[in-house]
>>> print(open('protein-v6.txt').read())   # compact mmCIF, C-alpha atoms
# COMPACT_ATOMS: atom_id res chain seq x y z
CA MET Q 15 17.75 -8.73 10.65
CA PHE Q 16 14.49 -9.65 12.38
CA THR Q 17 13.06 -13.11 11.78
CA ASN Q 18 9.47 -14.20 12.32
CA ASN Q 19 6.70 -16.04 10.46
CA LEU Q 20 6.15 -13.13 8.08
CA THR Q 21 9.80 -12.67 7.10
CA ARG Q 22 10.11 -16.43 6.54
CA LEU Q 23 6.96 -16.47 4.39
CA LEU Q 24 8.23 -13.64 2.19
CA GLY Q 25 11.97 -14.33 2.25
CA ILE Q 26 12.78 -10.85 3.59
CA GLU Q 27 15.01 -9.52 6.35
CA PHE Q 28 12.67 -7.04 8.03
CA PRO Q 29 8.85 -7.24 8.34
CA LEU Q 30 7.84 -4.15 6.42
CA ILE Q 31 5.83 -4.18 3.19
CA LEU Q 32 5.44 -1.32 0.74
CA ALA Q 33 1.81 -0.50 0.01
CA GLY Q 34 1.06 -1.20 -3.64
CA MET Q 35 0.01 2.36 -4.40
CA GLY Q 36 -1.23 2.63 -7.97
CA GLY Q 37 0.90 5.05 -9.95
CA VAL Q 38 3.29 5.64 -7.04
CA ALA Q 39 4.64 2.16 -6.26
CA SER Q 40 6.64 1.86 -9.46
CA PRO Q 41 9.45 -0.62 -10.24
CA LYS Q 42 11.99 1.94 -9.02
CA LEU Q 43 10.32 2.41 -5.65
CA ALA Q 44 9.45 -1.26 -5.15
CA SER Q 45 12.95 -2.45 -6.00
CA SER Q 46 14.50 0.11 -3.66
CA VAL Q 47 12.39 -1.17 -0.76
CA SER Q 48 13.30 -4.76 -1.61
CA ASN Q 49 17.00 -3.93 -1.92
CA ASN Q 50 16.85 -2.70 1.67
CA GLY Q 51 15.61 -6.01 3.04
CA CYS Q 52 11.85 -5.39 3.05
CA LEU Q 53 9.14 -6.35 0.56
CA GLY Q 54 8.72 -3.89 -2.27
CA VAL Q 55 5.34 -4.13 -3.99
CA VAL Q 56 4.45 -2.95 -7.48
CA GLY Q 57 0.99 -1.46 -7.92
CA LEU Q 58 -0.54 -3.14 -10.99
CA TYR Q 59 -4.24 -2.42 -10.72
CA LYS Q 60 -4.17 0.19 -13.52
CA HIS Q 61 -2.37 -2.03 -15.96
CA HIS Q 62 -3.68 -4.23 -18.73
CA PRO Q 63 -2.55 -7.86 -18.60
CA GLU Q 64 -0.34 -7.38 -21.66
CA GLU Q 65 1.51 -4.54 -19.91
CA ILE Q 66 2.25 -6.47 -16.74
CA PRO Q 67 5.24 -8.58 -17.92
CA GLN Q 68 7.13 -5.44 -18.95
CA ILE Q 69 6.61 -3.84 -15.54
CA LEU Q 70 7.67 -6.99 -13.70
CA LYS Q 71 10.73 -7.34 -15.91
CA GLN Q 72 11.72 -3.74 -15.12
CA THR Q 73 11.44 -4.49 -11.41
CA ALA Q 74 13.38 -7.76 -11.65
CA LEU Q 75 16.22 -5.96 -13.44
CA LEU Q 76 16.50 -3.55 -10.49
CA THR Q 77 16.53 -6.11 -7.68
CA ASN Q 78 17.46 -9.75 -7.14
CA ARG Q 79 15.47 -9.83 -3.90
CA PRO Q 80 11.82 -10.79 -3.41
CA PHE Q 81 9.19 -8.29 -4.51
CA GLY Q 82 5.43 -8.51 -4.63
CA ILE Q 83 2.50 -7.15 -6.61
CA ASN Q 84 -0.78 -5.51 -5.66
CA LEU Q 85 -4.16 -5.89 -7.35
CA ILE Q 86 -7.58 -4.46 -6.49
CA PRO Q 87 -10.44 -6.90 -7.17
CA GLU Q 88 -13.36 -4.55 -6.53
CA ILE Q 89 -12.69 -2.13 -9.39
CA ILE Q 90 -12.61 -4.76 -12.14
CA ASN Q 91 -14.61 -7.87 -12.93
CA ASP Q 92 -13.33 -11.30 -11.93
CA SER Q 93 -12.48 -12.49 -15.44
CA TYR Q 94 -10.21 -9.47 -15.95
CA LEU Q 95 -8.61 -10.04 -12.55
CA ILE Q 96 -7.86 -13.65 -13.52
CA LYS Q 97 -6.19 -12.37 -16.69
CA GLN Q 98 -3.99 -10.05 -14.62
CA ILE Q 99 -3.10 -12.94 -12.31
CA SER Q 100 -2.31 -15.20 -15.27
CA ALA Q 101 0.04 -12.58 -16.71
CA ILE Q 102 1.91 -12.46 -13.39
CA LEU Q 103 2.04 -16.26 -13.09
CA ASN Q 104 3.34 -16.60 -16.66
CA PHE Q 105 6.13 -14.16 -15.86
CA ALA Q 106 6.99 -15.73 -12.53
CA GLN Q 107 7.84 -19.23 -13.75
CA GLU Q 108 10.26 -20.44 -11.03
CA LYS Q 109 10.22 -17.09 -9.19
CA THR Q 110 8.04 -16.66 -6.10
CA ILE Q 111 5.99 -13.46 -6.17
CA PRO Q 112 3.83 -12.58 -3.18
CA PHE Q 113 0.35 -11.39 -4.20
CA THR Q 114 -1.23 -8.63 -2.13
CA PHE Q 115 -4.87 -7.76 -2.67
CA TYR Q 116 -6.70 -4.66 -1.54
CA GLY Q 117 -9.99 -6.19 -0.45
CA LEU Q 118 -11.32 -9.69 -0.86
CA PRO Q 119 -10.65 -11.42 -4.19
CA SER Q 120 -12.88 -14.18 -5.47
CA SER Q 121 -12.30 -17.76 -4.36
CA SER Q 122 -11.25 -18.65 -7.93
CA ALA Q 123 -8.60 -15.90 -7.90
CA CYS Q 124 -7.29 -17.13 -4.55
CA GLN Q 125 -7.16 -20.71 -5.79
CA GLU Q 126 -5.08 -19.74 -8.84
CA ILE Q 127 -2.43 -18.28 -6.56
CA ILE Q 128 -2.56 -21.09 -4.01
CA ASN Q 129 -2.27 -23.73 -6.74
CA ASN Q 130 0.87 -22.03 -8.04
CA ASN Q 131 2.48 -21.77 -4.58
CA HIS Q 132 2.74 -18.00 -4.32
CA PRO Q 133 2.09 -16.24 -0.99
CA LEU Q 134 -1.44 -14.86 -0.78
CA ILE Q 135 -1.85 -11.72 1.35
CA ILE Q 136 -5.23 -10.03 1.67
CA GLN Q 137 -5.87 -6.53 3.03
CA ILE Q 138 -9.08 -6.08 5.02
CA GLY Q 139 -10.69 -3.54 7.32
CA THR Q 140 -13.08 -5.56 9.47
CA LEU Q 141 -13.13 -8.74 11.54
CA HIS Q 142 -15.72 -10.29 9.21
CA GLU Q 143 -13.48 -9.73 6.18
CA ALA Q 144 -10.47 -11.10 8.07
CA GLU Q 145 -12.30 -14.32 8.85
CA HIS Q 146 -13.39 -14.56 5.22
CA ALA Q 147 -9.80 -14.03 4.01
CA ALA Q 148 -8.52 -16.72 6.37
CA ALA Q 149 -11.19 -19.15 5.15
CA MET Q 150 -10.15 -18.53 1.52
CA GLY Q 151 -6.58 -19.61 2.27
CA ALA Q 152 -4.73 -16.34 2.89
CA ASP Q 153 -1.15 -16.82 4.09
CA ALA Q 154 -1.19 -13.47 5.89
CA ILE Q 155 -3.67 -10.67 6.53
CA ILE Q 156 -3.14 -6.91 6.33
CA ILE Q 157 -5.33 -5.08 8.86
CA GLN Q 158 -6.12 -1.52 7.78
CA GLY Q 159 -7.18 1.21 10.19
CA ASN Q 160 -8.76 4.47 9.13
CA GLU Q 161 -5.53 6.35 9.90
CA ALA Q 162 -4.36 5.07 6.52
CA GLY Q 163 -4.02 7.26 3.47
CA GLY Q 164 -5.93 6.19 0.39
CA HIS Q 165 -9.12 4.15 0.24
CA HIS Q 166 -10.54 2.57 3.38
CA LEU Q 167 -11.92 -0.92 3.89
CA GLY Q 168 -13.41 -0.15 7.30
CA ASN Q 169 -14.12 2.71 9.68
CA GLN Q 170 -12.29 1.67 12.85
CA TYR Q 171 -9.03 2.92 14.29
CA LEU Q 172 -6.16 0.49 13.73
CA LYS Q 173 -5.70 -0.57 17.36
CA GLU Q 174 -9.39 -1.30 17.72
CA VAL Q 175 -9.73 -3.48 14.64
CA PHE Q 176 -6.32 -5.10 15.25
CA HIS Q 177 -7.32 -6.26 18.74
CA GLU Q 178 -10.63 -7.66 17.45
CA ILE Q 179 -8.86 -9.70 14.79
CA LYS Q 180 -5.92 -10.74 16.96
CA ASN Q 181 -8.35 -12.22 19.49
CA ARG Q 182 -9.99 -14.36 16.81
CA ILE Q 183 -7.25 -15.27 14.31
CA HIS Q 184 -4.18 -16.87 15.84
CA HIS Q 185 -2.64 -18.97 13.07
CA LEU Q 186 -1.76 -16.34 10.42
CA PRO Q 187 0.76 -13.49 10.34
CA LEU Q 188 -1.02 -10.19 10.96
CA ILE Q 189 0.26 -7.03 9.28
CA VAL Q 190 -0.83 -3.60 10.55
CA ALA Q 191 -1.51 -0.68 8.21
CA GLY Q 192 -2.60 2.88 8.90
CA GLY Q 193 -0.55 5.72 10.33
CA ILE Q 194 2.65 3.67 10.77
CA SER Q 195 5.73 5.77 9.99
CA THR Q 196 8.25 5.02 12.75
CA GLY Q 197 10.04 1.90 13.89
CA GLN Q 198 8.85 2.61 17.42
CA GLU Q 199 5.23 2.30 16.28
CA LEU Q 200 5.95 -1.04 14.61
CA ALA Q 201 7.76 -2.27 17.73
CA ASP Q 202 4.71 -1.35 19.82
CA TYR Q 203 2.45 -3.39 17.54
CA VAL Q 204 4.86 -6.33 17.50
CA GLY Q 205 4.67 -6.21 21.29
CA LEU Q 206 0.89 -6.53 20.95
CA GLY Q 207 1.21 -9.55 18.64
CA ALA Q 208 1.55 -8.09 15.13
CA ASP Q 209 4.02 -9.67 12.72
CA GLY Q 210 4.82 -6.65 10.54
CA CYS Q 211 3.51 -3.49 8.94
CA LEU Q 212 2.46 -2.12 5.57
CA CYS Q 213 3.51 1.48 4.84
CA GLY Q 214 2.42 3.79 2.04
CA THR Q 215 2.58 7.45 3.05
CA LEU Q 216 6.06 6.88 4.48
CA PHE Q 217 7.32 6.23 0.94
CA VAL Q 218 5.23 8.71 -1.04
CA ALA Q 219 7.73 11.42 -0.12
CA SER Q 220 10.78 9.34 -1.04
CA VAL Q 221 13.26 10.21 -3.77
CA GLU Q 222 12.36 7.01 -5.65
CA SER Q 223 8.60 7.51 -5.48
CA ASP Q 224 6.69 8.24 -8.68
CA ALA Q 225 4.45 10.72 -6.85
CA HIS Q 226 4.41 14.19 -8.38
CA GLU Q 227 6.82 16.64 -6.75
CA ILE Q 228 3.91 18.82 -5.59
CA PHE Q 229 2.32 15.75 -3.99
CA LYS Q 230 5.58 14.92 -2.17
CA GLN Q 231 5.95 18.48 -0.91
CA GLN Q 232 2.38 18.49 0.36
CA VAL Q 233 3.02 15.31 2.36
CA VAL Q 234 6.15 16.86 3.87
CA ARG Q 235 4.26 20.03 4.84
CA SER Q 236 1.19 18.29 6.24
CA ALA Q 237 0.21 17.24 9.73
CA GLU Q 238 -2.59 14.91 10.75
CA HIS Q 239 -5.14 17.76 10.86
CA ASP Q 240 -4.30 18.62 7.24
CA THR Q 241 -5.88 15.34 6.09
CA THR Q 242 -9.53 14.43 5.85
CA ILE Q 243 -11.67 11.40 5.11
CA THR Q 244 -14.00 12.05 2.18
CA ASP Q 245 -15.76 10.25 -0.65
CA LEU Q 246 -15.29 13.01 -3.23
CA PHE Q 247 -12.58 11.39 -5.36
CA SER Q 248 -14.90 8.73 -6.68
CA ILE Q 249 -14.51 8.81 -10.48
CA GLY Q 250 -12.96 5.47 -11.34
CA TRP Q 251 -13.38 4.07 -7.83
CA PRO Q 252 -16.80 4.78 -6.31
CA LYS Q 253 -18.27 4.01 -2.88
CA ARG Q 254 -15.03 3.94 -0.89
CA PRO Q 255 -14.14 6.67 1.63
CA HIS Q 256 -10.53 7.79 1.40
CA ARG Q 257 -8.07 9.89 3.41
CA VAL Q 258 -6.46 12.70 1.43
CA ILE Q 259 -4.70 16.01 2.00
CA ILE Q 260 -7.20 18.85 2.24
CA ASN Q 261 -7.29 21.02 -0.90
CA ASP Q 262 -9.72 23.20 -2.83
CA THR Q 263 -11.57 20.13 -4.09
CA THR Q 264 -12.25 18.79 -0.58
CA THR Q 265 -13.07 22.26 0.73
CA LEU Q 266 -15.54 23.31 -2.00
CA GLY Q 267 -16.74 19.83 -2.88
CA LYS Q 268 -19.59 19.50 -5.34
CA GLU Q 269 -19.76 23.26 -5.76
CA LEU Q 270 -16.98 22.66 -8.28
CA ASP Q 271 -17.59 21.28 -11.75
CA ALA Q 272 -16.31 17.82 -12.62
CA LYS Q 273 -14.34 19.18 -15.56
CA PHE Q 274 -10.97 17.93 -16.79
CA ILE Q 275 -8.15 19.46 -14.79
CA GLY Q 276 -5.15 17.57 -16.16
CA GLU Q 277 -3.71 14.67 -18.10
CA ALA Q 278 -1.93 11.49 -17.04
CA SER Q 279 0.39 9.30 -19.09
CA ILE Q 280 0.38 5.55 -18.39
CA MET Q 281 2.53 3.24 -20.51
CA ASN Q 282 2.83 5.92 -23.21
CA LYS Q 283 -0.93 6.45 -23.38
CA THR Q 284 -2.44 9.77 -22.31
CA TYR Q 285 -5.69 9.99 -20.35
CA PRO Q 286 -7.68 13.06 -19.22
CA VAL Q 287 -7.96 13.55 -15.45
CA PRO Q 288 -11.32 14.95 -14.33
CA ARG Q 289 -11.77 16.71 -11.03
CA PHE Q 290 -12.91 14.11 -8.47
CA SER Q 291 -10.84 11.41 -10.21
CA ALA Q 292 -9.48 8.66 -7.96
CA SER Q 293 -6.12 8.84 -9.77
CA VAL Q 294 -3.14 10.24 -7.89
CA PRO Q 295 -0.85 12.85 -9.44
CA THR Q 296 2.41 11.23 -10.50
CA THR Q 297 5.54 12.33 -12.34
CA HIS Q 298 3.53 11.55 -15.48
CA THR Q 299 0.65 13.89 -14.61
CA THR Q 300 0.20 17.49 -15.71
CA GLY Q 301 -2.41 20.11 -14.88
CA GLN Q 302 -3.91 21.31 -11.60
CA ILE Q 303 -1.91 18.93 -9.41
CA GLY Q 304 -2.88 20.60 -6.14
CA SER Q 305 -6.57 19.95 -6.82
CA MET Q 306 -6.15 16.21 -7.35
CA ALA Q 307 -6.40 13.30 -4.91
CA MET Q 308 -3.28 13.36 -2.77
CA TYR Q 309 -3.77 10.30 -0.59
CA CYS Q 310 -2.03 10.70 2.76
CA GLY Q 311 -2.24 8.95 6.11
CA THR Q 312 -1.89 10.44 9.56
CA SER Q 313 1.73 9.26 9.52
CA CYS Q 314 2.56 12.47 7.64
CA ARG Q 315 3.06 14.00 11.10
CA HIS Q 316 6.50 12.36 11.19
CA ILE Q 317 7.55 13.09 7.58
CA ARG Q 318 9.44 16.35 7.22
CA GLU Q 319 11.68 15.90 4.20
CA ILE Q 320 12.02 13.98 0.95
CA ARG Q 321 14.57 11.23 1.55
CA PRO Q 322 16.02 8.21 -0.27
CA VAL Q 323 14.41 4.88 0.58
CA GLN Q 324 17.62 3.62 2.16
CA THR Q 325 17.71 6.57 4.56
CA ILE Q 326 14.04 6.11 5.44
CA LEU Q 327 14.46 2.42 6.17
CA ASP Q 328 17.78 2.72 7.99
CA HIS Q 329 16.15 5.20 10.37
CA PHE Q 330 12.98 3.09 10.69
CA LYS Q 331 14.96 -0.05 11.56
CA GLU Q 332 17.15 1.79 14.05
CA GLU Q 333 14.03 3.08 15.83
CA PHE Q 334 12.51 -0.40 15.82
CA PHE Q 335 15.51 -2.20 17.27
CA THR Q 336 16.13 0.53 19.85
CA LYS Q 337 12.54 0.24 21.09
CA ALA Q 338 12.60 -3.56 20.96
CA ASP Q 339 15.88 -3.72 22.90
CA ARG Q 340 14.54 -1.31 25.51
CA ALA Q 341 11.43 -3.42 25.95
CA THR Q 342 13.54 -6.57 26.32
CA ASN Q 343 15.74 -4.92 28.96
CA LEU Q 344 12.70 -3.76 30.92
CA ALA Q 345 11.24 -7.27 30.80
CA ASN Q 346 14.46 -8.68 32.20
>>> encode(input="protein-v6.txt", output="structure tokens")
Amino acid sequence: MFTNNLTRLLGIEFPLILAGMGGVASPKLASSVSNNGCLGVVGLYKHHPEEIPQILKQTALLTNRPFGINLIPEIINDSYLIKQISAILNFAQEKTIPFTFYGLPSSSACQEIINNNHPLIIQIGTLHEAEHAAAMGADAIIIQGNEAGGHHLGNQYLKEVFHEIKNRIHHLPLIVAGGISTGQELADYVGLGADGCLCGTLFVASVESDAHEIFKQQVVRSAEHDTTITDLFSIGWPKRPHRVIINDTTTLGKELDAKFIGEASIMNKTYPVPRFSASVPTTHTTGQIGSMAMYCGTSCRHIREIRPVQTILDHFKEEFFTKADRATNLAN
């Protein structure tokens, strides 16, 4: 167990948060992370408000520990976001559910969460956004560097943007995100003043992940140089650069036609997947999986097999405490 302001805020035993990856961070994956003392997060941005209670109920049946949710304000309008939030609040009742947002939500969305006493955690990519999040009442801030897989909120390396924010914001827990896949890396950031980390790629290639098997295998086989930052996968989520595994789509780019290359099933509804779609291939996706958006951070350099969440986290914690103990001994 490791106790600090972040673990106390979230009621967890170790300061690691699962990234709320849409389509991948399912109830099974989120509950597994929570059952191992960290904060599992369910990705809800794709889901209609009426679908949300069912997903939260599934998660609650799999864990009696705290779990959170993730929403993405910029890809929907504010009234729809408020409906999603209301669905979560109606489910929560006496249960505390941390809200994580990718990007800045509206002040009205923040106030709904604050008024109902749920932790508000906002992911940002710049100092300006961090100061804005703090002013809106965030309880903690996730700082994303461009080593991260998926969509990017800024263009700086994690250490650079972390130091900028750490020098200006002193009263909130700061969570680092981007390229973190070992406990040693987290221990290094804790030594610099971070309170915890958010990990996505680390769990894509887990047994419990809802990522498609081809996607998992690609993460396992990839190194940092096998990823690239592009803006090609923009259908459904425009104007955000993203780090993905290099494939024929990233190599040939707009030389390829934006035709349908697969289908995805979400809550028993089937949707066509066009080339350049922002959707990730999951266990519910069929078609040309290898040509789709396989979001992957530079942390893939340390991922060499598909493992259960418990194994991943046991190893991560062991690395963290070994590094932390070594640093303490050197200081003494």
>>> atom_distance(input="protein-v6.txt", atom1="CA of Cys213 (chain Q)", atom2="CA of Gln125 (chain Q)")
26.8 Å
>>> atom_distance(input="protein-v6.txt", atom1="CA of Pro288 (chain Q)", atom2="CA of His61 (chain Q)")
19.3 Å
>>> residues_around(input="protein-v6.txt", residues="Ile157 (chain Q)", least_positions_apart="6", cutoff="8 Å", atoms="all atoms listed in the file", output="compact mmCIF listing (two decimals) with C-alpha atoms, in the coordinates of the input")
# COMPACT_ATOMS: atom_id res chain seq x y z
CA GLN Q 137 -5.87 -6.53 3.03
CA ILE Q 138 -9.08 -6.08 5.02
CA GLY Q 139 -10.69 -3.54 7.32
CA THR Q 140 -13.08 -5.56 9.47
CA ALA Q 144 -10.47 -11.10 8.07
CA LEU Q 172 -6.16 0.49 13.73
CA VAL Q 175 -9.73 -3.48 14.64
CA PHE Q 176 -6.32 -5.10 15.25
CA LEU Q 188 -1.02 -10.19 10.96
CA ILE Q 189 0.26 -7.03 9.28
CA VAL Q 190 -0.83 -3.60 10.55
CA ALA Q 191 -1.51 -0.68 8.21
>>> closest_residue(input="protein-v6.txt", among="Q:Thr299, Q:Tyr171, Q:Asn131, Q:Leu327", to="Ile31 (chain Q)", atoms="all atoms listed in the file")
Q:Leu327
>>> residues_near_point(input="protein-v6.txt", point="(-8.9, -10.3, -12.6)", cutoff="10 Å", atoms="all atoms listed in the file", output="PyMOL selection string")
chain Q and resi 59+63+85-100+119-120+122-123
>>> residues_around(input="protein-v6.txt", residues="Ala39 (chain Q)", least_positions_apart="5", cutoff="12 Å", atoms="only C-alpha atoms", output="ChimeraX atom specification")
/Q:31-34,44-47,53-60,69,73,81-85,213-220,222-225,294,296-297
>>> atom_distance(input="protein-v6.txt", atom1="CA of Asp271 (chain Q)", atom2="CA of Gly250 (chain Q)")
16.5 Å
>>> residues_around(input="protein-v6.txt", residues="Pro252 (chain Q)", least_positions_apart="5", cutoff="9 Å", atoms="only C-alpha atoms", output="PyMOL selection string")
chain Q and resi 89+245-247+292
>>> closest_atom_pairs(input="protein-v6.txt", of="region 142-215 of chain Q", to="region 310-326 of chain Q", cutoff="8 Å", atoms="all atoms listed in the file", output="Markdown table")
| residue | atom | partner | partner_atom | distance |
| --- | --- | --- | --- | --- |
| Q:Glu161 | CA | Q:Thr312 | CA | 5.5 |
| Q:Ala162 | CA | Q:Gly311 | CA | 4.4 |
| Q:Gly163 | CA | Q:Gly311 | CA | 3.6 |
| Q:Gly164 | CA | Q:Cys310 | CA | 6.4 |
| Q:Gly192 | CA | Q:Gly311 | CA | 6.7 |
| Q:Gly193 | CA | Q:Ser313 | CA | 4.3 |
| Q:Ile194 | CA | Q:Ser313 | CA | 5.8 |
| Q:Ser195 | CA | Q:Ser313 | CA | 5.3 |
| Q:Thr196 | CA | Q:His316 | CA | 7.7 |
| Q:Thr215 | CA | Q:Cys310 | CA | 5.6 |
>>> closest_residue(input="protein-v6.txt", among="Q:Ile111, Q:Val204, Q:Leu118, Q:Ala149", to="Phe334 (chain Q)", atoms="all atoms listed in the file")
Q:Val204
>>> closest_residue(input="protein-v6.txt", among="Q:Ser305, Q:Thr110, Q:Asn104, Q:Gln231", to="Ile260 (chain Q)", atoms="only C-alpha atoms")
Q:Ser305
>>> decode(input="protein-v6.txt", residues="region 163-202 of chain Q", atoms="C-alpha atoms", output="compact mmCIF listing (two decimals), in the first residue's frame")
# COMPACT_ATOMS: atom_id res chain seq x y z
CA GLY Q 163 -1.09 6.55 -27.15
CA GLY Q 164 -4.40 7.87 -28.41
CA HIS Q 165 -5.41 11.49 -28.90
CA HIS Q 166 -3.16 14.29 -27.69
CA LEU Q 167 -4.07 17.45 -25.80
CA GLY Q 168 -0.67 19.07 -26.30
CA ASN Q 169 2.60 18.66 -28.16
CA GLN Q 170 5.17 18.60 -25.35
CA TYR Q 171 7.07 15.69 -23.87
CA LEU Q 172 5.70 14.62 -20.49
CA LYS Q 173 8.66 15.77 -18.38
CA GLU Q 174 8.61 19.19 -19.99
CA VAL Q 175 4.91 19.88 -19.47
CA PHE Q 176 4.95 18.24 -16.02
CA HIS Q 177 7.69 20.57 -14.76
CA GLU Q 178 5.87 23.63 -16.12
CA ILE Q 179 2.68 22.68 -14.32
CA LYS Q 180 4.37 21.48 -11.12
CA ASN Q 181 6.06 24.87 -10.78
CA ARG Q 182 2.72 26.67 -10.98
CA ILE Q 183 0.15 24.36 -9.35
CA HIS Q 184 1.02 23.21 -5.86
CA HIS Q 185 -2.30 22.45 -4.17
CA LEU Q 186 -3.70 19.61 -6.35
CA PRO Q 187 -2.60 16.02 -6.93
CA LEU Q 188 -0.82 15.76 -10.28
CA ILE Q 189 -1.11 12.56 -12.32
CA VAL Q 190 1.35 11.85 -15.14
CA ALA Q 191 0.30 10.18 -18.39
CA GLY Q 192 2.27 9.24 -21.48
CA GLY Q 193 4.75 6.41 -21.91
CA ILE Q 194 4.45 5.12 -18.32
CA SER Q 195 4.63 1.32 -18.21
CA THR Q 196 6.96 0.44 -15.33
CA GLY Q 197 6.86 1.05 -11.61
CA GLN Q 198 10.35 2.50 -11.83
CA GLU Q 199 9.09 5.24 -14.14
CA LEU Q 200 6.28 6.10 -11.73
CA ALA Q 201 8.73 6.15 -8.80
CA ASP Q 202 10.93 8.58 -10.74
